[in-house]
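Please read the structure below before turning to the comments.
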Amino acid sequence: MYNLLKGKKGIIFGALDENSIAWKIAERAHEEGAIFVLTNAPIAMRMGEINSLAEKTSSQIIPADATSMEDLENLVDRSLEILGGKIDFVLHSIGMSINVRKGNHYTNSNYDFTHKGFDVSALSFHRVMNVLYSKNAMNEWGSIVALTYMAAQRVFPDYNDMADNKAYLESIARSFGYFFGRDHKVRVNTISQSPTQTRAGSGVKGFSGFLNYAEKMSPLGNATASECADYTISLFSDLTKKVTMQNLFHDGGFSNMGISDVIMDDFIDRNK
Ligand SMILES: NC(=O)c1ccc[n+]([C@@H]2O[C@H](COP(=O)([O-])OP(=O)(O)OC[C@H]3O[C@@H](n4cnc5c(N)ncnc54)[C@H](O)[C@@H]3O)[C@@H](O)[C@H]2O)c1
């Protein structure tokens, strides 16, 4: 490995099990020399899988519901103590839609569920940055990354209200990125990742269709969770200091495609 994060301190949200994108990012950050705190919603801790990641990466775990300012303040205060100084990188890898889980159609949402999903998936990013910013908890040239999906720009019908949550999330990265850059020299970006087989991903109706279609459309094929981890490490490192307020596609080229030969083959009328 390259010691790209040697001496850097971080907070990693969202490692639930070994398929989680955040799990792979934590493993890579550890390999690159970082020290960090792992956090997830108290309810997710019950499954206990995060303990093995903590052991493997010599990390401490601090539970925090990302919709609770109290939890987030406690998380940041304790992280500053545990890590022995200000924070260099933060990963927001959080997503949840109750409408998706319950199979409610987009055109007939349950708005209590919509509110909850928005709070967890999008507003939580603002809350996290609010706490970091107001406590002046980030080091200069620090880096904050959230994970997103291209349904923020284009319609994928079964992605449901998560599409709207992701659009809001990406907008927060730009808006907060301005103030964090101006006042603390901290960069804020979102990575728009290929469909990836994880707990959250598999909750989307027809997920295998998403995955296979994107694979056939992308000249480089879908980006895996491990490849997402590599990319994220580059954004946490000092090699990308002036990249901020961007939504960065990490999708094997999918986002710039119209049609690929492989997909076209399925539609050619052989009789003409
Ligand atoms: N899997 C995909 O296809 C895909 C593609 C693009 C982007 N993403 C995004 O990547 C991120 C990580 O998802 P994943 O695919 O690794 O799935 P995952 O299910 O492993 O991770 C989602 C995480 O969100 C956490 N979470 C839910 N509610 C929370 C709360 N109230 N407070 C704190 N944490 C909470 C869960 O416990 C879980 O760890 C999400 O933002 C997701 O939308 C996923």
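In the structure tokens, the first chain shown is A, the next is B, and so on; residue numbers restart at 1 for each chain, and ligands run from 1 in the order shown.
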Environment of ligand 1 within 6 Å, counting only C-alpha atoms and all ligand atoms, reported as a PyMOL selection string = chain A and resi 14-16+20-22+40-41+44+65-67+93-96+120+147-149+192-201
If you count only C-alpha atoms, which residues fall within 8 Å of segment 217-232 of chain A, apart from same-chain ones fewer than 6 positions away, as a list in words?
-> Asn19, Ser20, Ile21, Ala22, Lys24, Ile25, Arg28, Val145, Ile191, Gln193, Ser194, Pro195, Thr196, Leu211, His250, Asp251, Gly252, Gly253, Phe254, Met257, Ile259, Ser260, Val262 and Ile263 of chain A
Distance query Val131 of chain A at most 8 Å, only C-alpha atoms, self and fewer than 5 positions along chain excluded, as a list in words | Met69, Leu72, Glu73 and Val76 of chain A
Writing out the chosen residues with N, CA and C atoms as a PDB file, in the first residue's frame:
```
ATOM      1  N   MET A  69     -29.217  15.256  16.493  1.00  0.00           N
ATOM      2  CA  MET A  69     -28.127  16.213  16.724  1.00  0.00           C
ATOM      3  C   MET A  69     -27.361  15.855  17.998  1.00  0.00           C
ATOM      4  N   LEU A  72     -25.010  13.084  17.252  1.00  0.00           N
ATOM      5  CA  LEU A  72     -23.906  13.519  16.389  1.00  0.00           C
ATOM      6  C   LEU A  72     -22.913  14.383  17.175  1.00  0.00           C
ATOM      7  N   GLU A  73     -23.431  15.197  18.082  1.00  0.00           N
ATOM      8  CA  GLU A  73     -22.528  16.029  18.891  1.00  0.00           C
ATOM      9  C   GLU A  73     -21.673  15.147  19.785  1.00  0.00           C
ATOM     10  N   VAL A  76     -18.957  13.434  17.613  1.00  0.00           N
ATOM     11  CA  VAL A  76     -17.823  14.282  17.222  1.00  0.00           C
ATOM     12  C   VAL A  76     -16.959  14.606  18.451  1.00  0.00           C
TER      13      VAL A  76
END
```
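Shortest atom-to-atom contact with Lys116 of chain A among A:Thr39, A:Ser79, A:Asn139, A:Asn165: A:Asn165, counting only C-alpha atoms.
For the pair atom CA of Asp265 of chain A and atom CA of Ser202 of chain A, the separation is 27.5 Å.
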Write out as a list in words all residues of segment 216-245 of chain A that DSSP puts in alpha helix (DSSP H) for this structure's backbone.
->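 Matching residues for alpha helix (DSSP H) in segment 216-245 of chain A are Lys216, Met217, Ala225, Ser226, Glu227, Cys228, Ala229, Asp230, Tyr231, Thr232, Ile233, Ser234, Leu235 and Phe236 of chain A.
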Just asking: which residues within segment 28-123 of chain A are strand (DSSP E) according to DSSP, as a PyMOL selection string?
-> chain A and resi 35-39+60-61+87-92
Tell me, as a list of chain:residue names, which residues lie within 7 Å of Lys166 of chain A, counting only C-alpha atoms; anything in the same chain fewer than 2 positions away does not count.
->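 Listing them by chain and then by number gives A:Ala122, A:Thr148, A:Tyr149, A:Ala152, A:Met162, A:Ala163, A:Asp164, A:Tyr168, A:Leu169, A:Glu170.
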Residue with the minimum atom-to-atom distance to Arg127 of chain A, picked from A:Glu81, A:Pro157, A:Glu70, A:Ser143 with only C-alpha atoms counted, is A:Glu70
What lies within 12 Å of Asn104 of chain A using only C-alpha atoms, ignoring chain neighbours under 3 positions off, as a PyMOL selection string?
-> chain A and resi 97-101+107-111+113-114+158-161+204-205
Would you kindly return, as a count of residues only, each protein, DNA or RNA residue with an atom no farther than 7 Å from any atom of segment 173-179 of chain A, considering only C-alpha atoms and excluding same-chain residues fewer than 5 positions away?
-> 7
